[in-house]
file upload_22.cif (mmCIF, C-alpha atoms)
data_start
loop_
_atom_site.group_PDB
_atom_site.id
_atom_site.type_symbol
_atom_site.label_atom_id
_atom_site.label_comp_id
_atom_site.auth_asym_id
_atom_site.auth_seq_id
_atom_site.Cartn_x
_atom_site.Cartn_y
_atom_site.Cartn_z
ATOM 1 C CA MET A 4 10.737 16.442 0.963
ATOM 2 C CA SER A 5 13.542 13.927 0.779
ATOM 3 C CA ALA A 6 14.838 12.532 -2.497
ATOM 4 C CA PRO A 7 13.429 9.211 -3.746
ATOM 5 C CA SER A 8 14.671 6.266 -1.719
ATOM 6 C CA ALA A 9 16.989 3.556 -3.006
ATOM 7 C CA THR A 10 13.959 1.244 -2.993
ATOM 8 C CA ALA A 11 12.005 3.536 -5.292
ATOM 9 C CA LEU A 12 14.898 3.929 -7.694
ATOM 10 C CA ALA A 13 15.430 0.158 -7.805
ATOM 11 C CA TRP A 14 11.783 -0.625 -8.546
ATOM 12 C CA ALA A 15 11.620 2.147 -11.146
ATOM 13 C CA ALA A 16 14.625 0.671 -12.964
ATOM 14 C CA ALA A 17 13.491 -2.946 -12.681
ATOM 15 C CA GLY A 18 12.957 -4.310 -16.184
ATOM 16 C CA PRO A 19 11.630 -7.690 -14.983
ATOM 17 C CA TYR A 20 8.972 -5.973 -12.848
ATOM 18 C CA ASP A 21 7.673 -3.810 -15.693
ATOM 19 C CA ALA A 22 7.820 -6.778 -18.072
ATOM 20 C CA ALA A 23 5.841 -8.966 -15.658
ATOM 21 C CA LEU A 24 3.140 -6.306 -15.215
ATOM 22 C CA ARG A 25 2.814 -5.813 -18.954
ATOM 23 C CA ALA A 26 2.550 -9.576 -19.476
ATOM 24 C CA GLY A 27 0.231 -10.019 -16.500
ATOM 25 C CA ARG A 28 2.218 -12.937 -15.129
ATOM 26 C CA GLY A 29 5.453 -13.995 -13.422
ATOM 27 C CA PRO A 30 7.618 -15.578 -12.357
ATOM 28 C CA LEU A 31 8.928 -12.643 -10.327
ATOM 29 C CA PHE A 32 10.744 -12.628 -7.020
ATOM 30 C CA LEU A 33 12.496 -10.537 -4.426
ATOM 31 C CA ARG A 34 15.837 -12.255 -3.875
ATOM 32 C CA ARG A 35 17.795 -11.726 -0.699
ATOM 33 C CA THR A 36 21.551 -11.482 -0.916
ATOM 34 C CA ASP A 37 21.777 -14.997 0.582
ATOM 35 C CA GLY A 38 19.798 -16.383 -2.380
ATOM 36 C CA TRP A 39 16.423 -16.815 -0.632
ATOM 37 C CA LEU A 40 13.497 -16.040 -2.963
ATOM 38 C CA LEU A 41 10.198 -14.361 -2.061
ATOM 39 C CA PRO A 42 7.615 -15.007 -4.813
ATOM 40 C CA LEU A 43 5.635 -11.960 -5.949
ATOM 41 C CA GLU A 44 1.977 -12.590 -6.829
ATOM 42 C CA VAL A 45 1.916 -10.872 -10.202
ATOM 43 C CA GLU A 46 -1.097 -12.786 -11.511
ATOM 44 C CA ARG A 47 -3.223 -11.832 -8.496
ATOM 45 C CA TRP A 48 -2.094 -8.206 -8.669
ATOM 46 C CA CYS A 49 -2.998 -7.997 -12.369
ATOM 47 C CA ALA A 50 -6.428 -9.569 -11.879
ATOM 48 C CA GLY A 51 -9.476 -7.710 -10.602
ATOM 49 C CA ALA A 52 -10.049 -7.070 -6.919
ATOM 50 C CA ASP A 53 -10.928 -10.351 -5.193
ATOM 51 C CA PRO A 54 -13.285 -10.820 -2.209
ATOM 52 C CA VAL A 55 -10.470 -10.232 0.286
ATOM 53 C CA ASP A 56 -9.494 -7.015 -1.484
ATOM 54 C CA ARG A 57 -13.105 -5.855 -1.596
ATOM 55 C CA ASP A 58 -13.491 -6.422 2.132
ATOM 56 C CA VAL A 59 -10.446 -4.195 2.720
ATOM 57 C CA LEU A 60 -11.937 -1.515 0.479
ATOM 58 C CA ASP A 61 -15.226 -1.725 2.391
ATOM 59 C CA ARG A 62 -13.271 -0.654 5.475
ATOM 60 C CA CYS A 63 -11.735 2.402 3.804
ATOM 61 C CA GLU A 64 -12.941 5.866 4.705
ATOM 62 C CA GLY A 65 -13.283 8.868 2.414
ATOM 63 C CA ALA A 66 -10.556 9.578 -0.138
ATOM 64 C CA VAL A 67 -8.019 6.754 -0.468
ATOM 65 C CA LEU A 68 -4.315 6.836 -1.372
ATOM 66 C CA ASP A 69 -2.947 3.448 -2.470
ATOM 67 C CA VAL A 70 0.816 3.480 -1.916
ATOM 68 C CA GLY A 71 2.621 1.109 -4.274
ATOM 69 C CA CYS A 72 -0.582 0.537 -6.244
ATOM 70 C CA GLY A 73 1.044 -1.828 -8.760
ATOM 71 C CA PRO A 74 -1.218 -2.540 -11.742
ATOM 72 C CA GLY A 75 -4.085 -0.766 -10.014
ATOM 73 C CA ARG A 76 -6.749 -3.328 -9.185
ATOM 74 C CA LEU A 77 -7.686 -1.567 -5.920
ATOM 75 C CA VAL A 78 -7.741 1.951 -7.361
ATOM 76 C CA ALA A 79 -9.843 0.728 -10.270
ATOM 77 C CA GLU A 80 -12.298 -0.991 -7.945
ATOM 78 C CA LEU A 81 -12.649 2.171 -5.864
ATOM 79 C CA ALA A 82 -13.166 4.233 -9.024
ATOM 80 C CA ALA A 83 -15.895 1.827 -10.157
ATOM 81 C CA ARG A 84 -17.619 2.438 -6.822
ATOM 82 C CA GLY A 85 -17.469 6.181 -7.396
ATOM 83 C CA ARG A 86 -14.904 6.657 -4.636
ATOM 84 C CA GLY A 87 -12.115 9.242 -4.623
ATOM 85 C CA ALA A 88 -8.860 7.293 -4.981
ATOM 86 C CA LEU A 89 -5.323 7.781 -6.246
ATOM 87 C CA GLY A 90 -2.571 5.226 -6.722
ATOM 88 C CA ILE A 91 1.130 5.975 -6.663
ATOM 89 C CA ASP A 92 3.866 3.698 -7.955
ATOM 90 C CA VAL A 93 7.418 4.187 -9.196
ATOM 91 C CA SER A 94 6.840 1.808 -12.124
ATOM 92 C CA GLU A 95 5.748 3.283 -15.442
ATOM 93 C CA ALA A 96 4.066 -0.001 -16.376
ATOM 94 C CA ALA A 97 2.075 0.047 -13.123
ATOM 95 C CA VAL A 98 0.791 3.566 -13.701
ATOM 96 C CA GLU A 99 -0.127 2.799 -17.323
ATOM 97 C CA HIS A 100 -1.971 -0.377 -16.308
ATOM 98 C CA THR A 101 -3.911 1.476 -13.612
ATOM 99 C CA ALA A 102 -5.006 4.113 -16.120
ATOM 100 C CA ARG A 103 -6.185 1.434 -18.571
ATOM 101 C CA LEU A 104 -8.395 0.024 -15.821
ATOM 102 C CA GLY A 105 -9.962 3.427 -15.252
ATOM 103 C CA GLY A 106 -8.078 4.435 -12.121
ATOM 104 C CA GLN A 107 -5.991 7.525 -11.402
ATOM 105 C CA ALA A 108 -2.282 6.999 -10.681
ATOM 106 C CA LEU A 109 0.928 8.984 -10.525
ATOM 107 C CA ARG A 110 4.457 7.730 -11.098
ATOM 108 C CA ARG A 111 5.911 8.816 -7.795
ATOM 109 C CA SER A 112 7.595 7.540 -4.639
ATOM 110 C CA VAL A 113 5.795 7.837 -1.324
ATOM 111 C CA PHE A 114 8.776 9.877 -0.136
ATOM 112 C CA GLU A 115 8.282 12.515 -2.828
ATOM 113 C CA ARG A 116 5.824 15.405 -2.735
ATOM 114 C CA LEU A 117 2.274 14.088 -3.220
ATOM 115 C CA PRO A 118 -1.161 15.610 -3.822
ATOM 116 C CA GLY A 119 -3.357 16.206 -0.788
ATOM 117 C CA GLU A 120 -0.671 15.825 1.877
ATOM 118 C CA GLY A 121 -2.226 15.873 5.325
ATOM 119 C CA ARG A 122 -5.754 15.456 3.910
ATOM 120 C CA TRP A 123 -6.113 11.800 2.889
ATOM 121 C CA ASP A 124 -8.744 9.874 4.845
ATOM 122 C CA THR A 125 -7.236 6.417 4.213
ATOM 123 C CA VAL A 126 -3.818 5.179 3.094
ATOM 124 C CA LEU A 127 -3.336 1.599 1.887
ATOM 125 C CA LEU A 128 -0.100 -0.388 2.172
ATOM 126 C CA MET A 129 -1.127 -3.669 0.568
ATOM 127 C CA ASP A 130 0.732 -6.637 -0.941
ATOM 128 C CA GLY A 131 3.765 -6.305 1.341
ATOM 129 C CA ASN A 132 4.206 -2.566 0.786
ATOM 130 C CA ILE A 133 4.777 -2.023 4.494
ATOM 131 C CA GLY A 134 8.304 -3.064 3.463
ATOM 132 C CA ILE A 135 8.916 0.006 1.273
ATOM 133 C CA GLY A 136 12.222 1.645 2.145
ATOM 134 C CA GLY A 137 13.252 -1.034 4.632
ATOM 135 C CA ASP A 138 12.552 1.283 7.588
ATOM 136 C CA PRO A 139 9.040 0.776 9.017
ATOM 137 C CA ARG A 140 9.286 3.697 11.433
ATOM 138 C CA ALA A 141 10.226 6.109 8.652
ATOM 139 C CA LEU A 142 7.409 4.823 6.430
ATOM 140 C CA LEU A 143 4.831 5.111 9.217
ATOM 141 C CA GLU A 144 5.991 8.650 9.933
ATOM 142 C CA ARG A 145 5.618 9.535 6.269
ATOM 143 C CA VAL A 146 2.135 8.005 6.095
ATOM 144 C CA ALA A 147 1.089 9.943 9.196
ATOM 145 C CA GLY A 148 2.033 13.115 7.320
ATOM 146 C CA LEU A 149 -0.170 12.123 4.379
ATOM 147 C CA LEU A 150 -3.271 11.386 6.466
ATOM 148 C CA ARG A 151 -5.675 13.878 7.942
ATOM 149 C CA PRO A 152 -5.700 13.923 11.769
ATOM 150 C CA GLY A 153 -7.515 10.769 12.813
ATOM 151 C CA GLY A 154 -7.000 9.204 9.376
ATOM 152 C CA LEU A 155 -6.822 5.466 8.750
ATOM 153 C CA LEU A 156 -3.943 3.268 7.595
ATOM 154 C CA ILE A 157 -4.671 -0.285 6.450
ATOM 155 C CA ALA A 158 -1.573 -2.446 6.010
ATOM 156 C CA GLU A 159 -1.174 -6.020 4.854
ATOM 157 C CA THR A 160 1.286 -7.899 7.042
ATOM 158 C CA VAL A 161 3.196 -11.178 6.809
ATOM 159 C CA ALA A 162 1.402 -14.251 8.143
ATOM 160 C CA ALA A 163 4.389 -15.265 10.272
ATOM 161 C CA ASP A 164 5.566 -13.442 13.377
ATOM 162 C CA VAL A 165 8.501 -11.820 11.595
ATOM 163 C CA ASP A 166 10.423 -8.548 11.826
ATOM 164 C CA GLU A 167 12.997 -8.668 9.067
ATOM 165 C CA ARG A 168 15.018 -5.955 7.378
ATOM 166 C CA VAL A 169 16.919 -7.200 4.370
ATOM 167 C CA ARG A 170 18.515 -6.146 1.119
ATOM 168 C CA VAL A 171 16.951 -7.640 -1.977
ATOM 169 C CA HIS A 172 17.082 -7.698 -5.776
ATOM 170 C CA ILE A 173 14.120 -7.897 -8.140
ATOM 171 C CA THR A 174 14.512 -10.964 -10.312
ATOM 172 C CA ASP A 175 12.565 -13.098 -12.751
ATOM 173 C CA ALA A 176 14.651 -16.105 -11.631
ATOM 174 C CA ARG A 177 17.077 -15.655 -14.507
ATOM 175 C CA ALA A 178 19.079 -12.662 -13.314
ATOM 176 C CA ALA A 179 18.866 -10.021 -10.585
ATOM 177 C CA THR A 180 18.393 -6.439 -11.695
ATOM 178 C CA GLY A 181 20.414 -3.512 -10.400
ATOM 179 C CA ALA A 182 21.935 -2.956 -6.986
ATOM 180 C CA PRO A 183 20.301 -4.520 -3.916
ATOM 181 C CA PHE A 184 17.919 -2.242 -2.039
ATOM 182 C CA PRO A 185 16.442 -2.224 1.491
ATOM 183 C CA TRP A 186 13.161 -3.980 2.197
ATOM 184 C CA ALA A 187 11.253 -5.029 5.317
ATOM 185 C CA ARG A 188 8.938 -7.924 6.151
ATOM 186 C CA LEU A 189 6.666 -7.438 9.154
ATOM 187 C CA GLY A 190 4.103 -9.539 10.937
ATOM 188 C CA THR A 191 1.259 -7.761 12.683
ATOM 189 C CA ARG A 192 2.914 -7.800 16.096
ATOM 190 C CA ALA A 193 6.059 -6.208 14.685
ATOM 191 C CA LEU A 194 4.037 -3.536 12.879
ATOM 192 C CA LEU A 195 2.204 -2.618 16.072
ATOM 193 C CA GLY A 196 5.552 -2.384 17.844
ATOM 194 C CA TYR A 197 6.685 0.277 15.374
ATOM 195 C CA ALA A 198 3.386 2.177 15.479
ATOM 196 C CA ARG A 199 4.117 4.609 18.284
ATOM 197 C CA GLY A 200 1.787 7.572 18.069
ATOM 198 C CA TRP A 201 -0.894 5.471 16.343
ATOM 199 C CA GLU A 202 -4.003 3.800 17.734
ATOM 200 C CA SER A 203 -4.799 0.214 16.812
ATOM 201 C CA ALA A 204 -8.035 0.084 14.795
ATOM 202 C CA GLY A 205 -8.311 -3.651 14.242
ATOM 203 C CA GLN A 206 -6.647 -6.809 12.983
ATOM 204 C CA TRP A 207 -8.093 -9.548 10.796
ATOM 205 C CA THR A 208 -7.250 -12.494 8.583
ATOM 206 C CA ALA A 209 -9.027 -13.385 5.347
ATOM 207 C CA GLY A 210 -8.157 -15.794 2.575
ATOM 208 C CA GLY A 211 -4.854 -16.585 4.264
ATOM 209 C CA ARG A 212 -3.856 -12.905 4.219
ATOM 210 C CA HIS A 213 -3.274 -10.773 7.308
ATOM 211 C CA PHE A 214 -4.169 -7.132 7.884
ATOM 212 C CA ALA A 215 -3.870 -4.450 10.530
ATOM 213 C CA ALA A 216 -5.535 -1.055 10.723
ATOM 214 C CA LEU A 217 -4.008 1.929 12.508
ATOM 215 C CA ARG A 218 -5.447 5.358 13.156
ATOM 216 C CA SER A 219 -3.371 8.496 13.507
ATOM 217 C CA ARG A 220 -4.132 10.037 16.870
ATOM 218 C CA SER A 221 -6.391 13.058 16.993
ATOM 219 C CA SER A 222 -9.177 14.505 19.102
ATOM 220 C CA ARG A 223 -11.171 14.548 15.856
ATOM 221 C CA THR A 224 -11.151 10.739 15.588
ATOM 222 C CA THR A 225 -14.730 9.587 15.108
ATOM 223 C CA SER A 226 -14.340 5.816 14.920
ATOM 224 C CA SER A 227 -11.989 3.494 16.764
ATOM 225 C CA SER A 228 -12.105 0.525 14.393
ATOM 226 C CA ALA A 229 -11.820 -0.186 10.674
ATOM 227 C CA GLU A 230 -15.168 -1.897 10.230
ATOM 228 C CA PRO A 231 -16.979 -2.248 6.897
ATOM 229 C CA PRO A 232 -19.831 0.233 6.246
ATOM 230 C CA LYS A 233 -22.514 -2.297 7.157
ATOM 231 C CA ARG A 234 -21.110 -2.295 10.679
ATOM 232 C CA THR A 235 -19.987 1.324 11.088
ATOM 233 C CA ALA A 236 -22.341 4.001 9.826
ATOM 234 C CA VAL A 237 -19.752 6.787 10.072
ATOM 235 C CA ILE A 238 -17.793 5.342 7.164
ATOM 236 C CA SER A 239 -20.775 5.711 4.833
ATOM 237 C CA SER A 240 -21.189 9.361 5.734
ATOM 238 C CA GLN A 241 -17.500 10.052 5.220
ATOM 239 C CA ARG A 242 -17.617 8.318 1.835
ATOM 240 C CA ALA A 243 -20.388 10.621 0.644
ATOM 241 C CA ARG A 244 -18.628 13.719 1.913
ATOM 242 C CA ASN A 245 -15.442 12.898 0.013
ATOM 243 C CA THR A 246 -16.959 12.465 -3.439
ATOM 244 C CA SER A 247 -16.904 16.248 -3.895
ATOM 245 C CA ALA A 248 -14.555 18.100 -6.214
ATOM 246 C CA GLY A 249 -12.514 19.147 -3.188
ATOM 247 C CA ARG A 250 -11.111 15.679 -2.521
ATOM 248 C CA PRO A 251 -7.305 15.274 -2.528
ATOM 249 C CA VAL A 252 -7.364 13.254 -5.771
ATOM 250 C CA ALA A 253 -8.211 16.381 -7.726
ATOM 251 C CA ASP A 254 -5.367 18.373 -6.195
ATOM 252 C CA ARG A 255 -2.439 17.689 -8.496
#
call {"tool": "encode", "arguments": {"input": "upload_22.cif", "output": "structure tokens"}}
result
Amino acid sequence: MSAPSATALAWAAAGPYDAALRAGRGPLFLRRTDGWLLPLEVERWCAGADPVDRDVLDRCEGAVLDVGCGPGRLVAELAARGRGALGIDVSEAAVEHTARLGGQALRRSVFERLPGEGRWDTVLLMDGNIGIGGDPRALLERVAGLLRPGGLLIAETVAADVDERVRVHITDARAATGAPFPWARLGTRALLGYARGWESAGQWTAGGRHFAALRSRSSRTTSSSAEPPKRTAVISSQRARNTSAGRPVADR
């Protein structure tokens, strides 16, 4: 497994990010080297799962890995439902916050060795985390290695039709922290363009947020779309099967 990326090291060392999570509020931004600011929604991340989040979680199958889980609202919601779920984040504050909410989380980069590799049913890349590492192809390849054959990726994309690779700082609007690191911003069309070797499993918009689902290709694929349980019975059966002690979450 490769060493942690520059992105992971930058987030892990970002004092303003940890401080914002511990306070439960911003302001917090990603700042491009040209001075452009991307606001980060710290208050929403630190709140409970909202209706849009819950709809995404309804579409998840089996055991769920939340990559870049932040303060853990999604992992905690899955845990409250009795679902097998694990969050990973490079921020100590994020992992601590997730644990306080009752979720399981590890302080780790997606590019480090992780529990249950090749056996996760669903991987989440929410809240712009498709940008991790600044190389969408490399991230998609890594996620494919985490999923079981035929597993599901749900990614939140940018509302605009954008395919942007930039270098950014984390900042609370007073001062940037550390060296700039690579990041990506992708609309749904751009994400699908990078998803060679994946099958599209749906696209939707809710609450002004945009999502795309992809399925790793396999002859064992049992469903072609990421529909909520009320519309796809197979998801309910997979959920029950993955509440056993053999789920990847328990494999540390």
call {"tool": "residues_around", "arguments": {"input": "upload_22.cif", "residues": "A:Ala209", "least_positions_apart": "6", "cutoff": "12 Å", "atoms": "only C-alpha atoms", "output": "PyMOL selection string"}}
result
chain A and resi 53-59+159-160+162+215
call {"tool": "atom_distance", "arguments": {"input": "upload_22.cif", "atom1": "atom CA of A:Arg111", "atom2": "atom CA of A:Ser94"}}
result
8.3 Å
call {"tool": "resolve_selection", "arguments": {"input": "upload_22.cif", "expression": "the PyMOL selection byres ((chain A and resi 37-51) around 8)", "output": "PyMOL selection string"}}
result
chain A and resi 23-24+27-36+52-53+73-77+80
call {"tool": "write_last_selection", "arguments": {"input": "upload_22.cif", "atoms": "C-alpha atoms", "output": "PDB file, keeping the file's coordinate frame"}}
result
ATOM      1  CA  ALA A  23       5.841  -8.966 -15.658  1.00  0.00           C
ATOM      2  CA  LEU A  24       3.140  -6.306 -15.215  1.00  0.00           C
ATOM      3  CA  GLY A  27       0.231 -10.019 -16.500  1.00  0.00           C
ATOM      4  CA  ARG A  28       2.218 -12.937 -15.129  1.00  0.00           C
ATOM      5  CA  GLY A  29       5.453 -13.995 -13.422  1.00  0.00           C
ATOM      6  CA  PRO A  30       7.618 -15.578 -12.357  1.00  0.00           C
ATOM      7  CA  LEU A  31       8.928 -12.643 -10.327  1.00  0.00           C
ATOM      8  CA  PHE A  32      10.744 -12.628  -7.020  1.00  0.00           C
ATOM      9  CA  LEU A  33      12.496 -10.537  -4.426  1.00  0.00           C
ATOM     10  CA  ARG A  34      15.837 -12.255  -3.875  1.00  0.00           C
ATOM     11  CA  ARG A  35      17.795 -11.726  -0.699  1.00  0.00           C
ATOM     12  CA  THR A  36      21.551 -11.482  -0.916  1.00  0.00           C
ATOM     13  CA  ALA A  52     -10.049  -7.070  -6.919  1.00  0.00           C
ATOM     14  CA  ASP A  53     -10.928 -10.351  -5.193  1.00  0.00           C
ATOM     15  CA  GLY A  73       1.044  -1.828  -8.760  1.00  0.00           C
ATOM     16  CA  PRO A  74      -1.218  -2.540 -11.742  1.00  0.00           C
ATOM     17  CA  GLY A  75      -4.085  -0.766 -10.014  1.00  0.00           C
ATOM     18  CA  ARG A  76      -6.749  -3.328  -9.185  1.00  0.00           C
ATOM     19  CA  LEU A  77      -7.686  -1.567  -5.920  1.00  0.00           C
ATOM     20  CA  GLU A  80     -12.298  -0.991  -7.945  1.00  0.00           C
TER      21      GLU A  80
END
call {"tool": "atom_distance", "arguments": {"input": "upload_22.cif", "atom1": "atom CA of A:Val93", "atom2": "atom CA of A:Arg110"}}
result
5.0 Å
call {"tool": "closest_residue", "arguments": {"input": "upload_22.cif", "among": "A:Glu95, A:Asp166, A:Asp124, A:Glu64", "to": "A:Asp138", "atoms": "all atoms listed in the file"}}
result
A:Asp166
call {"tool": "closest_residue", "arguments": {"input": "upload_22.cif", "among": "A:Val78, A:Ala26, A:Ala108, A:Val67", "to": "A:Arg151", "atoms": "only C-alpha atoms"}}
result
A:Val67
call {"tool": "closest_residue", "arguments": {"input": "upload_22.cif", "among": "A:Arg25, A:His100, A:Arg116, A:Arg62", "to": "A:Gln206", "atoms": "all atoms listed in the file"}}
result
A:Arg62
call {"tool": "axis_aligned_box", "arguments": {"input": "upload_22.cif", "around": "stretch 195-199 of chain A", "padding_each_side": "8 Å", "output": "lines of an AutoDock Vina configuration file"}}
result
center_x = 4.4
center_y = 1.0
center_z = 16.8
size_x = 20.5
size_y = 23.2
size_z = 18.9
call {"tool": "resolve_selection", "arguments": {"input": "upload_22.cif", "expression": "the PyMOL selection byres ((chain A and resi 183-197) around 8)", "output": "NGL selection string"}}
result
:A and (9-10 or 13 or 36 or 131 or 133-140 or 160-172 or 181-182 or 198-199 or 203 or 206 or 213-215)
call {"tool": "closest_residue", "arguments": {"input": "upload_22.cif", "among": "A:Gly154, A:Thr174, A:Trp207, A:Leu89", "to": "A:Cys72", "atoms": "all atoms listed in the file"}}
result
A:Leu89
call {"tool": "closest_residue", "arguments": {"input": "upload_22.cif", "among": "A:Thr101, A:Leu127, A:Pro19, A:Gly148", "to": "A:Glu115", "atoms": "all atoms listed in the file"}}
result
A:Gly148
call {"tool": "closest_residue", "arguments": {"input": "upload_22.cif", "among": "A:Ala158, A:Leu104, A:Gly153, A:Leu117", "to": "A:Asn132", "atoms": "only C-alpha atoms"}}
result
A:Ala158
call {"tool": "resolve_selection", "arguments": {"input": "upload_22.cif", "expression": "the PyMOL selection byres ((chain A and resi 125) around 12)", "output": "PyMOL selection string"}}
result
chain A and resi 59-70+86-90+119-124+126-128+146-158+216-219+229+238+241-242+245+251
call {"tool": "atom_distance", "arguments": {"input": "upload_22.cif", "atom1": "atom CA of A:Ala102", "atom2": "atom CA of A:Ala79"}}
result
8.3 Å
call {"tool": "decode", "arguments": {"input": "upload_22.cif", "residues": "stretch 68-91 of chain A", "atoms": "N, CA and C atoms", "output": "PDB file, in the first residue's frame"}}
result
ATOM      1  N   LEU A  68     -18.498   1.656   4.135  1.00  0.00           N
ATOM      2  CA  LEU A  68     -17.277   2.382   4.485  1.00  0.00           C
ATOM      3  C   LEU A  68     -17.446   3.824   4.047  1.00  0.00           C
ATOM      4  N   ASP A  69     -17.397   4.754   5.006  1.00  0.00           N
ATOM      5  CA  ASP A  69     -17.532   6.181   4.723  1.00  0.00           C
ATOM      6  C   ASP A  69     -16.140   6.799   4.682  1.00  0.00           C
ATOM      7  N   VAL A  70     -15.680   7.122   3.487  1.00  0.00           N
ATOM      8  CA  VAL A  70     -14.331   7.652   3.289  1.00  0.00           C
ATOM      9  C   VAL A  70     -14.354   9.165   3.488  1.00  0.00           C
ATOM     10  N   GLY A  71     -13.508   9.645   4.414  1.00  0.00           N
ATOM     11  CA  GLY A  71     -13.539  11.058   4.776  1.00  0.00           C
ATOM     12  C   GLY A  71     -14.803  11.354   5.563  1.00  0.00           C
ATOM     13  N   CYS A  72     -15.024  10.592   6.635  1.00  0.00           N
ATOM     14  CA  CYS A  72     -16.302  10.638   7.357  1.00  0.00           C
ATOM     15  C   CYS A  72     -16.525  11.942   8.103  1.00  0.00           C
ATOM     16  N   GLY A  73     -15.466  12.762   8.289  1.00  0.00           N
ATOM     17  CA  GLY A  73     -15.640  13.999   9.040  1.00  0.00           C
ATOM     18  C   GLY A  73     -16.146  13.705  10.439  1.00  0.00           C
ATOM     19  N   PRO A  74     -17.045  14.548  10.968  1.00  0.00           N
ATOM     20  CA  PRO A  74     -17.503  14.350  12.344  1.00  0.00           C
ATOM     21  C   PRO A  74     -18.491  13.206  12.518  1.00  0.00           C
ATOM     22  N   GLY A  75     -18.784  12.453  11.464  1.00  0.00           N
ATOM     23  CA  GLY A  75     -19.407  11.153  11.632  1.00  0.00           C
ATOM     24  C   GLY A  75     -20.912  11.070  11.614  1.00  0.00           C
ATOM     25  N   ARG A  76     -21.596  12.070  11.062  1.00  0.00           N
ATOM     26  CA  ARG A  76     -23.055  12.027  11.109  1.00  0.00           C
ATOM     27  C   ARG A  76     -23.620  10.820  10.359  1.00  0.00           C
ATOM     28  N   LEU A  77     -22.986  10.417   9.251  1.00  0.00           N
ATOM     29  CA  LEU A  77     -23.516   9.310   8.454  1.00  0.00           C
ATOM     30  C   LEU A  77     -23.235   7.969   9.121  1.00  0.00           C
ATOM     31  N   VAL A  78     -22.036   7.814   9.653  1.00  0.00           N
ATOM     32  CA  VAL A  78     -21.685   6.574  10.356  1.00  0.00           C
ATOM     33  C   VAL A  78     -22.576   6.406  11.574  1.00  0.00           C
ATOM     34  N   ALA A  79     -22.813   7.492  12.291  1.00  0.00           N
ATOM     35  CA  ALA A  79     -23.663   7.421  13.480  1.00  0.00           C
ATOM     36  C   ALA A  79     -25.096   7.064  13.113  1.00  0.00           C
ATOM     37  N   GLU A  80     -25.602   7.617  12.032  1.00  0.00           N
ATOM     38  CA  GLU A  80     -26.950   7.295  11.592  1.00  0.00           C
ATOM     39  C   GLU A  80     -27.064   5.830  11.198  1.00  0.00           C
ATOM     40  N   LEU A  81     -26.057   5.316  10.492  1.00  0.00           N
ATOM     41  CA  LEU A  81     -26.063   3.898  10.134  1.00  0.00           C
ATOM     42  C   LEU A  81     -26.003   3.015  11.382  1.00  0.00           C
ATOM     43  N   ALA A  82     -25.167   3.409  12.347  1.00  0.00           N
ATOM     44  CA  ALA A  82     -25.072   2.637  13.588  1.00  0.00           C
ATOM     45  C   ALA A  82     -26.408   2.619  14.318  1.00  0.00           C
ATOM     46  N   ALA A  83     -27.109   3.748  14.322  1.00  0.00           N
ATOM     47  CA  ALA A  83     -28.414   3.816  14.986  1.00  0.00           C
ATOM     48  C   ALA A  83     -29.428   2.910  14.301  1.00  0.00           C
ATOM     49  N   ARG A  84     -29.221   2.641  13.029  1.00  0.00           N
ATOM     50  CA  ARG A  84     -30.112   1.741  12.288  1.00  0.00           C
ATOM     51  C   ARG A  84     -29.703   0.278  12.459  1.00  0.00           C
ATOM     52  N   GLY A  85     -28.611   0.051  13.175  1.00  0.00           N
ATOM     53  CA  GLY A  85     -28.126  -1.310  13.341  1.00  0.00           C
ATOM     54  C   GLY A  85     -27.337  -1.816  12.157  1.00  0.00           C
ATOM     55  N   ARG A  86     -26.816  -0.909  11.347  1.00  0.00           N
ATOM     56  CA  ARG A  86     -26.078  -1.271  10.143  1.00  0.00           C
ATOM     57  C   ARG A  86     -24.584  -1.366  10.434  1.00  0.00           C
ATOM     58  N   GLY A  87     -23.881  -2.242   9.733  1.00  0.00           N
ATOM     59  CA  GLY A  87     -22.434  -2.312   9.830  1.00  0.00           C
ATOM     60  C   GLY A  87     -21.805  -1.163   9.076  1.00  0.00           C
ATOM     61  N   ALA A  88     -21.057  -0.301   9.747  1.00  0.00           N
ATOM     62  CA  ALA A  88     -20.477   0.878   9.110  1.00  0.00           C
ATOM     63  C   ALA A  88     -19.190   1.275   9.804  1.00  0.00           C
ATOM     64  N   LEU A  89     -18.265   1.781   9.029  1.00  0.00           N
ATOM     65  CA  LEU A  89     -16.989   2.289   9.542  1.00  0.00           C
ATOM     66  C   LEU A  89     -16.663   3.577   8.818  1.00  0.00           C
ATOM     67  N   GLY A  90     -16.234   4.590   9.567  1.00  0.00           N
ATOM     68  CA  GLY A  90     -15.739   5.815   8.969  1.00  0.00           C
ATOM     69  C   GLY A  90     -14.226   5.865   9.043  1.00  0.00           C
ATOM     70  N   ILE A  91     -13.607   6.469   8.055  1.00  0.00           N
ATOM     71  CA  ILE A  91     -12.179   6.754   8.128  1.00  0.00           C
ATOM     72  C   ILE A  91     -11.966   8.235   7.861  1.00  0.00           C
TER      73      ILE A  91
END
